[in-house]
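Coordinates from target.txt are shown below (compact mmCIF, C-alpha atoms).
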```txt
# COMPACT_ATOMS: atom_id res chain seq x y z
CA MET T 1 -16.77 81.70 -29.67
CA VAL T 2 -19.50 79.66 -28.06
CA ARG T 3 -19.51 75.88 -28.46
CA ASP T 4 -22.07 73.38 -27.36
CA TYR T 5 -20.69 70.23 -25.85
CA ASN T 6 -22.90 67.19 -25.78
CA ASN T 7 -22.21 64.67 -23.05
CA ARG T 8 -22.48 61.43 -24.98
CA HIS T 9 -21.78 57.96 -23.67
CA ALA T 10 -18.86 56.21 -25.40
CA LEU T 11 -21.13 53.39 -26.60
CA ASP T 12 -24.12 55.51 -27.73
CA GLN T 13 -23.33 54.71 -31.37
CA LYS T 14 -23.06 50.97 -30.71
CA LEU T 15 -26.23 50.56 -28.66
CA ARG T 16 -28.58 52.77 -30.63
CA GLY T 17 -32.16 51.78 -31.30
CA THR T 18 -34.72 49.98 -29.22
CA PRO T 19 -33.15 47.53 -26.78
CA LYS T 20 -33.67 43.85 -27.57
CA PRO T 21 -34.69 41.47 -24.77
CA ALA T 22 -31.76 40.15 -22.74
CA ASN T 23 -30.61 36.59 -23.40
CA ALA T 24 -29.18 34.20 -20.81
CA ASP T 25 -25.75 35.69 -21.38
CA HIS T 26 -26.02 39.42 -21.24
CA LEU T 27 -23.66 42.39 -21.40
CA GLU T 28 -24.98 45.35 -19.49
CA VAL T 29 -23.32 48.73 -19.97
CA GLY T 30 -23.51 51.06 -17.00
CA HIS T 31 -25.03 54.30 -18.25
CA TRP T 32 -23.50 56.77 -15.83
CA GLN T 33 -21.21 55.42 -13.15
CA ALA T 34 -19.18 57.14 -10.46
CA ILE T 35 -15.60 55.84 -10.76
CA ALA T 36 -12.39 57.27 -9.32
CA THR T 37 -8.77 56.19 -9.09
CA VAL T 38 -7.07 56.31 -5.71
CA LEU T 39 -3.27 56.17 -5.49
CA ALA T 40 -2.00 56.02 -1.93
CA HIS T 41 1.08 57.97 -0.88
CA VAL T 42 4.16 55.83 -0.27
CA GLY T 43 3.93 54.08 3.10
CA LEU T 44 0.23 54.84 3.61
CA GLU T 45 -1.16 51.99 1.49
CA THR T 46 -2.66 49.99 4.36
CA ALA T 47 -4.18 53.08 6.03
CA VAL T 48 -5.87 54.14 2.79
CA GLU T 49 -7.13 50.61 2.10
CA ARG T 50 -8.58 50.40 5.60
CA ALA T 51 -10.32 53.77 5.20
CA LEU T 52 -11.78 52.83 1.82
CA SER T 53 -12.98 49.37 2.78
CA SER T 54 -14.71 50.73 5.89
CA THR T 55 -17.41 52.23 3.64
CA PRO T 56 -19.83 49.56 2.38
CA GLU T 57 -21.20 51.75 -0.47
CA LEU T 58 -17.79 51.84 -2.17
CA SER T 59 -16.55 48.93 -4.24
CA LEU T 60 -12.75 48.64 -4.39
CA ARG T 61 -11.04 47.31 -7.51
CA TYR T 62 -7.39 46.36 -7.15
CA CYS T 63 -5.07 47.81 -9.81
CA GLY T 64 -1.62 47.53 -8.27
CA PRO T 65 0.15 48.04 -4.95
CA GLY T 66 -1.47 51.09 -3.32
CA GLU T 67 -3.73 51.77 -6.30
CA TRP T 68 -7.45 51.12 -6.67
CA LEU T 69 -10.42 51.98 -8.81
CA VAL T 70 -13.32 52.94 -6.58
CA VAL T 71 -16.81 52.34 -7.96
CA SER T 72 -19.93 53.66 -6.29
CA GLU T 73 -23.46 52.58 -7.14
CA VAL T 74 -25.15 55.24 -5.05
CA ASP T 75 -23.03 58.39 -5.44
CA THR T 76 -22.89 60.95 -8.22
CA PRO T 77 -19.35 61.62 -9.52
CA VAL T 78 -19.17 64.82 -7.48
CA GLY T 79 -20.53 63.04 -4.42
CA LEU T 80 -17.96 60.26 -4.78
CA MET T 81 -15.10 62.76 -5.00
CA ARG T 82 -16.37 64.54 -1.88
CA ARG T 83 -16.65 61.23 -0.02
CA LEU T 84 -13.14 60.13 -1.04
CA ASP T 85 -11.69 63.51 -0.07
CA MET T 86 -13.15 63.05 3.40
CA LEU T 87 -11.94 59.44 3.68
CA CYS T 88 -8.34 59.91 2.53
CA GLY T 89 -7.82 63.61 1.93
CA THR T 90 -4.07 63.98 2.44
CA GLN T 91 -3.16 60.29 2.28
CA ALA T 92 -3.81 59.64 -1.40
CA HIS T 93 -4.17 61.14 -4.86
CA VAL T 94 -7.79 60.89 -6.01
CA VAL T 95 -8.82 61.47 -9.63
CA ASP T 96 -12.37 61.35 -10.95
CA GLN T 97 -12.71 58.82 -13.80
CA SER T 98 -16.49 58.78 -14.22
CA ASP T 99 -16.26 60.14 -17.77
CA GLY T 100 -12.91 58.49 -18.45
CA ARG T 101 -13.90 54.86 -17.91
CA VAL T 102 -16.77 52.68 -19.05
CA LEU T 103 -18.15 49.91 -16.87
CA MET T 104 -19.61 46.76 -18.43
CA ARG T 105 -21.31 43.95 -16.58
CA LEU T 106 -21.14 40.48 -18.09
CA SER T 107 -23.57 37.94 -16.66
CA GLY T 108 -24.86 34.51 -17.55
CA PRO T 109 -23.98 30.82 -17.28
CA CYS T 110 -21.33 31.06 -20.04
CA ALA T 111 -19.71 34.31 -18.81
CA ARG T 112 -16.52 32.51 -17.83
CA ARG T 113 -16.22 30.73 -21.17
CA ILE T 114 -16.77 34.01 -23.03
CA LEU T 115 -14.05 35.78 -21.05
CA ALA T 116 -11.67 32.83 -21.40
CA LYS T 117 -11.48 33.58 -25.14
CA GLY T 118 -9.62 36.82 -24.47
CA ILE T 119 -8.17 36.66 -20.97
CA GLY T 120 -5.10 34.72 -19.88
CA VAL T 121 -6.10 34.41 -16.23
CA ASP T 122 -7.63 31.42 -14.47
CA LEU T 123 -11.25 32.40 -13.76
CA HIS T 124 -12.19 29.30 -11.77
CA PRO T 125 -13.79 30.37 -8.44
CA ALA T 126 -10.96 28.64 -6.57
CA ALA T 127 -8.39 30.88 -8.29
CA PHE T 128 -10.41 34.07 -8.87
CA ALA T 129 -12.93 34.25 -6.05
CA ARG T 130 -16.01 36.40 -5.73
CA GLY T 131 -14.95 39.92 -4.73
CA GLY T 132 -11.59 39.52 -6.46
CA SER T 133 -10.42 42.09 -8.97
CA THR T 134 -7.32 42.68 -11.04
CA ASN T 135 -5.95 44.39 -14.13
CA VAL T 136 -5.74 42.02 -17.09
CA LEU T 137 -5.28 42.05 -20.82
CA CYS T 138 -8.43 41.22 -22.81
CA GLY T 139 -7.32 40.63 -26.38
CA HIS T 140 -5.07 43.66 -26.81
CA ILE T 141 -6.87 45.95 -24.37
CA ALA T 142 -5.91 46.42 -20.74
CA ILE T 143 -9.00 46.27 -18.52
CA ASN T 144 -9.87 45.91 -14.88
CA LEU T 145 -11.80 42.70 -14.26
CA ALA T 146 -13.77 42.07 -11.09
CA ARG T 147 -15.90 39.12 -10.04
CA THR T 148 -19.03 40.35 -8.28
CA GLY T 149 -20.91 37.04 -8.33
CA GLU T 150 -20.64 33.41 -9.32
CA ASP T 151 -21.43 34.20 -12.98
CA LEU T 152 -21.16 37.97 -12.80
CA PHE T 153 -18.13 39.93 -13.93
CA GLU T 154 -17.53 43.66 -14.15
CA LEU T 155 -15.12 45.08 -16.70
CA ILE T 156 -13.81 48.64 -16.47
CA VAL T 157 -12.12 49.99 -19.59
CA SER T 158 -10.77 53.34 -20.72
CA ARG T 159 -13.37 55.34 -22.61
CA SER T 160 -11.35 55.46 -25.83
CA PHE T 161 -11.05 51.65 -25.87
CA ALA T 162 -14.70 51.01 -24.96
CA GLU T 163 -16.03 50.63 -28.51
CA SER T 164 -13.20 48.30 -29.44
CA LEU T 165 -13.65 46.16 -26.34
CA PHE T 166 -17.40 46.08 -26.89
CA ASP T 167 -16.91 44.75 -30.43
CA ASP T 168 -14.40 42.18 -29.15
CA LEU T 169 -16.78 41.00 -26.42
CA MET T 170 -19.68 40.65 -28.84
CA THR T 171 -17.46 38.57 -31.14
CA MET T 172 -16.30 36.45 -28.20
CA GLY T 173 -19.92 35.93 -27.14
CA ARG T 174 -21.47 35.32 -30.55
CA ALA T 175 -21.36 31.53 -30.09
CA PHE T 176 -23.26 31.94 -26.81
CA ASP T 177 -25.86 34.36 -28.20
CA LEU T 178 -24.62 37.26 -26.08
CA SER T 179 -26.97 40.25 -25.97
CA ALA T 180 -26.11 43.81 -24.94
CA ALA T 181 -27.96 46.85 -23.64
CA PHE T 182 -27.60 49.89 -21.44
CA SER T 183 -28.61 49.38 -17.84
CA ASP T 184 -31.78 51.22 -16.59
CA MET R 1 10.79 32.79 -24.42
CA ALA R 2 9.44 32.27 -20.94
CA SER R 3 5.70 32.40 -21.51
CA LEU R 4 4.32 32.55 -17.96
CA ILE R 5 5.57 35.11 -15.47
CA THR R 6 4.49 35.03 -11.84
CA CYS R 7 4.03 38.70 -11.01
CA PRO R 8 4.43 39.30 -7.26
CA HIS R 9 1.36 41.57 -7.32
CA CYS R 10 -0.94 39.94 -9.89
CA GLY R 11 -0.11 36.22 -9.95
CA VAL R 12 0.62 34.06 -12.98
CA ARG R 13 0.29 36.02 -16.22
CA PRO R 14 1.07 35.43 -19.90
CA LYS R 15 4.12 37.23 -21.30
CA GLU R 16 1.90 39.31 -23.62
CA GLU R 17 0.99 41.50 -20.65
CA PHE R 18 4.62 42.59 -20.21
CA ALA R 19 7.18 44.73 -22.00
CA ILE R 20 10.84 43.80 -21.68
CA ARG R 21 12.91 46.87 -20.88
CA GLY R 22 16.37 45.35 -21.03
CA ASP R 23 19.29 44.29 -18.89
CA ALA R 24 18.84 44.82 -15.15
CA SER R 25 22.39 43.97 -14.16
CA LEU R 26 23.91 47.26 -15.40
CA ILE R 27 25.16 49.70 -12.81
CA ARG R 28 24.91 53.40 -13.62
CA PRO R 29 28.40 54.99 -13.63
CA ALA R 30 29.22 58.06 -11.54
CA PRO R 31 28.47 61.39 -13.27
CA SER R 32 32.20 62.08 -13.44
CA ALA R 33 33.02 58.70 -15.02
CA SER R 34 34.85 58.56 -18.34
CA ASP R 35 33.10 58.86 -21.69
CA GLU R 36 33.94 55.23 -22.43
CA ALA R 37 32.20 54.06 -19.25
CA TRP R 38 29.09 56.07 -20.13
CA HIS R 39 29.15 54.87 -23.73
CA ASP R 40 29.28 51.26 -22.54
CA TYR R 41 26.47 51.87 -20.06
CA VAL R 42 24.16 53.53 -22.58
CA TYR R 43 24.86 51.60 -25.80
CA VAL R 44 26.79 48.38 -25.34
CA ARG R 45 24.77 45.27 -24.51
CA ALA R 46 25.70 41.64 -24.21
CA ASN R 47 23.45 38.98 -25.73
CA PRO R 48 24.03 36.25 -23.20
CA ARG R 49 23.13 32.59 -23.57
CA GLY R 50 21.82 31.23 -20.29
CA ARG R 51 20.83 33.08 -17.15
CA THR R 52 19.89 36.74 -17.59
CA VAL R 53 18.45 39.40 -15.31
CA GLU R 54 16.05 41.77 -17.00
CA HIS R 55 13.61 44.57 -16.24
CA TRP R 56 10.08 43.61 -17.23
CA HIS R 57 7.28 46.18 -17.14
CA HIS R 58 3.84 44.76 -16.31
CA ILE R 59 2.08 47.16 -18.65
CA ALA R 60 -1.35 45.54 -18.76
CA GLY R 61 -1.43 44.65 -15.06
CA CYS R 62 -0.08 46.44 -12.02
CA ARG R 63 2.14 48.70 -14.20
CA ARG R 64 5.12 48.02 -11.96
CA PHE R 65 8.68 47.31 -13.04
CA LEU R 66 9.78 43.79 -12.16
CA VAL R 67 13.19 42.18 -12.14
CA VAL R 68 12.94 38.80 -13.89
CA GLU R 69 15.74 36.26 -13.76
CA ARG R 70 15.32 33.75 -16.55
CA ASP R 71 17.22 31.39 -18.80
CA THR R 72 17.35 32.31 -22.49
CA VAL R 73 18.05 28.68 -23.47
CA THR R 74 15.67 26.61 -21.37
CA HIS R 75 13.06 29.39 -20.90
CA GLU R 76 12.98 28.65 -17.20
CA VAL R 77 12.06 31.55 -14.90
CA TYR R 78 14.10 31.54 -11.69
CA SER R 79 12.73 34.55 -9.85
CA VAL R 80 10.45 37.57 -10.27
CA VAL R 81 10.69 40.43 -7.78
CA ASP R 82 9.33 43.97 -7.67
CA GLY R 83 11.81 46.49 -9.09
CA THR R 84 11.58 48.82 -6.09
CA ALA R 85 12.29 45.99 -3.68
CA ALA R 86 15.21 44.81 -5.82
CA ALA R 87 16.70 48.30 -5.96
CA ARG R 88 16.35 48.69 -2.19
CA GLU R 89 18.06 45.34 -1.72
CA ALA R 90 20.90 46.33 -4.08
CA ARG R 91 21.51 49.65 -2.29
CA ARG R 92 22.03 47.87 0.99
```

Could you quickly redo this structure as structure tokens?
Amino acid sequence: MVRDYNNRHALDQKLRGTPKPANADHLEVGHWQAIATVLAHVGLETAVERALSSTPELSLRYCGPGEWLVVSEVDTPVGLMRRLDMLCGTQAHVVDQSDGRVLMRLSGPCARRILAKGIGVDLHPAAFARGGSTNVLCGHIAINLARTGEDLFELIVSRSFAESLFDDLMTMGRAFDLSAAFSD
Amino acid sequence: MASLITCPHCGVRPKEEFAIRGDASLIRPAPSASDEAWHDYVYVRANPRGRTVEHWHHIAGCRRFLVVERDTVTHEVYSVVDGTAAAREARR
């Protein structure tokens, strides 16, 4: 039996139609991102971290001790896997998550206040500095939150929770007139 | 219940991010131990008032098991350590 599989983005249903102009507070959904999880072998955590952070194209997101999400803006998923295999071939387990996770970028002057409605972590720059990242609970959904700028946050969520998180974020941002669209 | 837990990997977090997995002070009996010893280990739990040591699983964060020492009366948290580190310490 022959089946056709369509590669649809998890939020295609939510963001259908012509995109509206972005407001001051804007939620941008990465269309196709290269994301992978890296889990270092026991005892090799520092070696793997050093290898990964030596490459400026890769963005490291902390998940737990010896575990990171690696996001690449320039690579394709296959290219990212090849690069990670070269960087830490036998030192870590690497799994491609490009189709398994959805990346959302929340920007705007009220981004912190929007996130504060669902996240129990202090987001003041003194406590959660630029470049910081961590796993947190947003409402009832576990996400990875990273601060990439003063008013710029990146959220990485499992694909199956993406629609739910998207709805939650739009509700959290309704008072601030949050708009949403695919990037590019 | 203690509402803020200072995870050694993630920092101060609300208790909603954790799952409590029970008493951490139990010691697994030897495989050849009596049926009574195994029954007590598997099924019998105290419900202490005061200081308790428990396994907490940081499900929404680093996904590590932690050993939390807290007071069930005053809700004070005395210490939070990584489960692996605590087990290594106990084996010594």

Produce a table with one row for each residue of chain T that has an atom at most 8 Å from any atom of chain R, each row naming the nearest atom pair and its distance in Å at one decimal; use only C-alpha atoms; arrange rows by chain and rising residue number; format as a tab-separated table.
```
residue	atom	partner	partner_atom	distance
T:Cys63	CA	R:Cys62	CA	5.6
T:Gly64	CA	R:Cys62	CA	4.2
T:Pro65	CA	R:His9	CA	7.0
T:Gly120	CA	R:Pro14	CA	6.2
T:Val121	CA	R:Arg13	CA	6.6
T:Thr134	CA	R:Cys10	CA	7.0
T:Asn135	CA	R:Gly61	CA	4.6
T:Val136	CA	R:Gly61	CA	5.4
T:Leu137	CA	R:Ala60	CA	5.6
T:Ile141	CA	R:Ala60	CA	7.9
T:Ala142	CA	R:Ala60	CA	5.0
T:Ile143	CA	R:Ala60	CA	7.7
```

Draw an axis-aligned box tight on the listed atoms of range 38-52 of chain T, then pad every side by 6 Å and write out centre and edge lengths in Å to one decimal as JSON.
```
{"center_x": -3.8, "center_y": 54.0, "center_z": 0.2, "size_x": 27.9, "size_y": 20.0, "size_z": 23.7}
```

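Between CA of Val71 in chain T and CA of Glu154 in chain T there is a distance of 10.7 Å.
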
Which residues come within 12 Å of Val78 in chain T, counting only C-alpha atoms, excluding same-chain residues fewer than 2 positions away, as a PDB file with C-alpha atoms, in the coordinates of the input?
```pdb
ATOM      1  CA  GLN T  33     -21.210  55.420 -13.150  1.00  0.00           C
ATOM      2  CA  ALA T  34     -19.180  57.140 -10.460  1.00  0.00           C
ATOM      3  CA  ILE T  35     -15.600  55.840 -10.760  1.00  0.00           C
ATOM      4  CA  ALA T  36     -12.390  57.270  -9.320  1.00  0.00           C
ATOM      5  CA  SER T  72     -19.930  53.660  -6.290  1.00  0.00           C
ATOM      6  CA  VAL T  74     -25.150  55.240  -5.050  1.00  0.00           C
ATOM      7  CA  ASP T  75     -23.030  58.390  -5.440  1.00  0.00           C
ATOM      8  CA  THR T  76     -22.890  60.950  -8.220  1.00  0.00           C
ATOM      9  CA  LEU T  80     -17.960  60.260  -4.780  1.00  0.00           C
ATOM     10  CA  MET T  81     -15.100  62.760  -5.000  1.00  0.00           C
ATOM     11  CA  ARG T  82     -16.370  64.540  -1.880  1.00  0.00           C
ATOM     12  CA  ARG T  83     -16.650  61.230  -0.020  1.00  0.00           C
ATOM     13  CA  LEU T  84     -13.140  60.130  -1.040  1.00  0.00           C
ATOM     14  CA  ASP T  85     -11.690  63.510  -0.070  1.00  0.00           C
ATOM     15  CA  VAL T  95      -8.820  61.470  -9.630  1.00  0.00           C
ATOM     16  CA  ASP T  96     -12.370  61.350 -10.950  1.00  0.00           C
ATOM     17  CA  GLN T  97     -12.710  58.820 -13.800  1.00  0.00           C
ATOM     18  CA  SER T  98     -16.490  58.780 -14.220  1.00  0.00           C
ATOM     19  CA  ASP T  99     -16.260  60.140 -17.770  1.00  0.00           C
TER      20      ASP T  99
END
```

Checklist entry - What is the distance between CA of Gly131 in chain T and CA of Ser53 in chain T, in Å to one decimal? => result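 Taking CA of Gly131 in chain T as the start and CA of Ser53 in chain T as the end point, the length is 12.2 Å.
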
Write range 29-65 of chain R as a PDB file, in the coordinates of the input, completed to N, CA and C atoms.
```
ATOM      1  N   PRO R  29      27.118  54.443 -14.070  1.00  0.00           N
ATOM      2  CA  PRO R  29      28.400  54.990 -13.630  1.00  0.00           C
ATOM      3  C   PRO R  29      28.230  56.338 -12.922  1.00  0.00           C
ATOM      4  N   ALA R  30      29.257  56.756 -12.214  1.00  0.00           N
ATOM      5  CA  ALA R  30      29.220  58.060 -11.540  1.00  0.00           C
ATOM      6  C   ALA R  30      29.162  59.159 -12.597  1.00  0.00           C
ATOM      7  N   PRO R  31      28.566  60.307 -12.274  1.00  0.00           N
ATOM      8  CA  PRO R  31      28.470  61.390 -13.270  1.00  0.00           C
ATOM      9  C   PRO R  31      29.833  61.801 -13.816  1.00  0.00           C
ATOM     10  N   SER R  32      30.871  61.654 -13.004  1.00  0.00           N
ATOM     11  CA  SER R  32      32.200  62.080 -13.440  1.00  0.00           C
ATOM     12  C   SER R  32      32.977  60.963 -14.146  1.00  0.00           C
ATOM     13  N   ALA R  33      32.323  59.824 -14.379  1.00  0.00           N
ATOM     14  CA  ALA R  33      33.020  58.700 -15.020  1.00  0.00           C
ATOM     15  C   ALA R  33      33.410  59.053 -16.450  1.00  0.00           C
ATOM     16  N   SER R  34      34.311  58.260 -17.005  1.00  0.00           N
ATOM     17  CA  SER R  34      34.850  58.560 -18.340  1.00  0.00           C
ATOM     18  C   SER R  34      33.775  58.380 -19.414  1.00  0.00           C
ATOM     19  N   ASP R  35      34.023  58.980 -20.569  1.00  0.00           N
ATOM     20  CA  ASP R  35      33.100  58.860 -21.690  1.00  0.00           C
ATOM     21  C   ASP R  35      32.929  57.409 -22.108  1.00  0.00           C
ATOM     22  N   GLU R  36      34.003  56.640 -22.029  1.00  0.00           N
ATOM     23  CA  GLU R  36      33.940  55.230 -22.430  1.00  0.00           C
ATOM     24  C   GLU R  36      32.972  54.470 -21.508  1.00  0.00           C
ATOM     25  N   ALA R  37      33.076  54.737 -20.205  1.00  0.00           N
ATOM     26  CA  ALA R  37      32.200  54.060 -19.250  1.00  0.00           C
ATOM     27  C   ALA R  37      30.740  54.387 -19.542  1.00  0.00           C
ATOM     28  N   TRP R  38      30.464  55.664 -19.835  1.00  0.00           N
ATOM     29  CA  TRP R  38      29.090  56.070 -20.130  1.00  0.00           C
ATOM     30  C   TRP R  38      28.609  55.488 -21.457  1.00  0.00           C
ATOM     31  N   HIS R  39      29.519  55.449 -22.433  1.00  0.00           N
ATOM     32  CA  HIS R  39      29.150  54.870 -23.730  1.00  0.00           C
ATOM     33  C   HIS R  39      28.766  53.400 -23.560  1.00  0.00           C
ATOM     34  N   ASP R  40      29.576  52.674 -22.785  1.00  0.00           N
ATOM     35  CA  ASP R  40      29.280  51.260 -22.540  1.00  0.00           C
ATOM     36  C   ASP R  40      27.941  51.109 -21.832  1.00  0.00           C
ATOM     37  N   TYR R  41      27.696  51.978 -20.851  1.00  0.00           N
ATOM     38  CA  TYR R  41      26.470  51.870 -20.060  1.00  0.00           C
ATOM     39  C   TYR R  41      25.233  52.140 -20.918  1.00  0.00           C
ATOM     40  N   VAL R  42      25.333  53.125 -21.814  1.00  0.00           N
ATOM     41  CA  VAL R  42      24.160  53.530 -22.580  1.00  0.00           C
ATOM     42  C   VAL R  42      23.940  52.625 -23.796  1.00  0.00           C
ATOM     43  N   TYR R  43      25.026  52.247 -24.502  1.00  0.00           N
ATOM     44  CA  TYR R  43      24.860  51.600 -25.800  1.00  0.00           C
ATOM     45  C   TYR R  43      25.242  50.131 -25.868  1.00  0.00           C
ATOM     46  N   VAL R  44      26.230  49.711 -25.106  1.00  0.00           N
ATOM     47  CA  VAL R  44      26.790  48.380 -25.340  1.00  0.00           C
ATOM     48  C   VAL R  44      26.039  47.332 -24.506  1.00  0.00           C
ATOM     49  N   ARG R  45      25.515  46.322 -25.203  1.00  0.00           N
ATOM     50  CA  ARG R  45      24.770  45.270 -24.510  1.00  0.00           C
ATOM     51  C   ARG R  45      25.319  43.900 -24.887  1.00  0.00           C
ATOM     52  N   ALA R  46      25.349  43.024 -23.917  1.00  0.00           N
ATOM     53  CA  ALA R  46      25.700  41.640 -24.210  1.00  0.00           C
ATOM     54  C   ALA R  46      24.442  40.908 -24.648  1.00  0.00           C
ATOM     55  N   ASN R  47      24.593  39.804 -25.333  1.00  0.00           N
ATOM     56  CA  ASN R  47      23.450  38.980 -25.730  1.00  0.00           C
ATOM     57  C   ASN R  47      23.692  37.589 -25.163  1.00  0.00           C
ATOM     58  N   PRO R  48      23.539  37.463 -23.838  1.00  0.00           N
ATOM     59  CA  PRO R  48      24.030  36.250 -23.200  1.00  0.00           C
ATOM     60  C   PRO R  48      23.168  35.029 -23.494  1.00  0.00           C
ATOM     61  N   ARG R  49      23.822  33.868 -23.446  1.00  0.00           N
ATOM     62  CA  ARG R  49      23.130  32.590 -23.570  1.00  0.00           C
ATOM     63  C   ARG R  49      23.098  32.018 -22.160  1.00  0.00           C
ATOM     64  N   GLY R  50      21.910  31.742 -21.651  1.00  0.00           N
ATOM     65  CA  GLY R  50      21.820  31.230 -20.290  1.00  0.00           C
ATOM     66  C   GLY R  50      21.085  32.200 -19.380  1.00  0.00           C
ATOM     67  N   ARG R  51      21.506  32.255 -18.153  1.00  0.00           N
ATOM     68  CA  ARG R  51      20.830  33.080 -17.150  1.00  0.00           C
ATOM     69  C   ARG R  51      20.972  34.580 -17.454  1.00  0.00           C
ATOM     70  N   THR R  52      19.836  35.290 -17.438  1.00  0.00           N
ATOM     71  CA  THR R  52      19.890  36.740 -17.590  1.00  0.00           C
ATOM     72  C   THR R  52      18.977  37.372 -16.556  1.00  0.00           C
ATOM     73  N   VAL R  53      19.300  38.610 -16.207  1.00  0.00           N
ATOM     74  CA  VAL R  53      18.450  39.400 -15.310  1.00  0.00           C
ATOM     75  C   VAL R  53      17.942  40.584 -16.110  1.00  0.00           C
ATOM     76  N   GLU R  54      16.629  40.729 -16.159  1.00  0.00           N
ATOM     77  CA  GLU R  54      16.050  41.770 -17.000  1.00  0.00           C
ATOM     78  C   GLU R  54      14.977  42.545 -16.257  1.00  0.00           C
ATOM     79  N   HIS R  55      14.765  43.799 -16.712  1.00  0.00           N
ATOM     80  CA  HIS R  55      13.610  44.570 -16.240  1.00  0.00           C
ATOM     81  C   HIS R  55      12.404  44.239 -17.122  1.00  0.00           C
ATOM     82  N   TRP R  56      11.335  43.823 -16.497  1.00  0.00           N
ATOM     83  CA  TRP R  56      10.080  43.610 -17.230  1.00  0.00           C
ATOM     84  C   TRP R  56       9.046  44.588 -16.664  1.00  0.00           C
ATOM     85  N   HIS R  57       8.296  45.222 -17.567  1.00  0.00           N
ATOM     86  CA  HIS R  57       7.280  46.180 -17.140  1.00  0.00           C
ATOM     87  C   HIS R  57       5.904  45.540 -17.314  1.00  0.00           C
ATOM     88  N   HIS R  58       5.161  45.412 -16.237  1.00  0.00           N
ATOM     89  CA  HIS R  58       3.840  44.760 -16.310  1.00  0.00           C
ATOM     90  C   HIS R  58       2.802  45.778 -16.787  1.00  0.00           C
ATOM     91  N   ILE R  59       2.861  46.065 -18.075  1.00  0.00           N
ATOM     92  CA  ILE R  59       2.080  47.160 -18.650  1.00  0.00           C
ATOM     93  C   ILE R  59       0.583  46.962 -18.496  1.00  0.00           C
ATOM     94  N   ALA R  60       0.102  45.747 -18.778  1.00  0.00           N
ATOM     95  CA  ALA R  60      -1.350  45.540 -18.760  1.00  0.00           C
ATOM     96  C   ALA R  60      -1.856  45.125 -17.388  1.00  0.00           C
ATOM     97  N   GLY R  61      -0.985  45.056 -16.394  1.00  0.00           N
ATOM     98  CA  GLY R  61      -1.430  44.650 -15.060  1.00  0.00           C
ATOM     99  C   GLY R  61      -1.194  45.753 -14.054  1.00  0.00           C
ATOM    100  N   CYS R  62      -0.282  45.495 -13.111  1.00  0.00           N
ATOM    101  CA  CYS R  62      -0.080  46.440 -12.020  1.00  0.00           C
ATOM    102  C   CYS R  62       0.779  47.642 -12.433  1.00  0.00           C
ATOM    103  N   ARG R  63       1.328  47.618 -13.665  1.00  0.00           N
ATOM    104  CA  ARG R  63       2.140  48.700 -14.200  1.00  0.00           C
ATOM    105  C   ARG R  63       3.400  48.946 -13.371  1.00  0.00           C
ATOM    106  N   ARG R  64       3.876  47.901 -12.711  1.00  0.00           N
ATOM    107  CA  ARG R  64       5.120  48.020 -11.960  1.00  0.00           C
ATOM    108  C   ARG R  64       6.271  47.415 -12.744  1.00  0.00           C
ATOM    109  N   PHE R  65       7.487  47.925 -12.469  1.00  0.00           N
ATOM    110  CA  PHE R  65       8.680  47.310 -13.040  1.00  0.00           C
ATOM    111  C   PHE R  65       9.066  46.116 -12.190  1.00  0.00           C
TER     112      PHE R  65
END
```
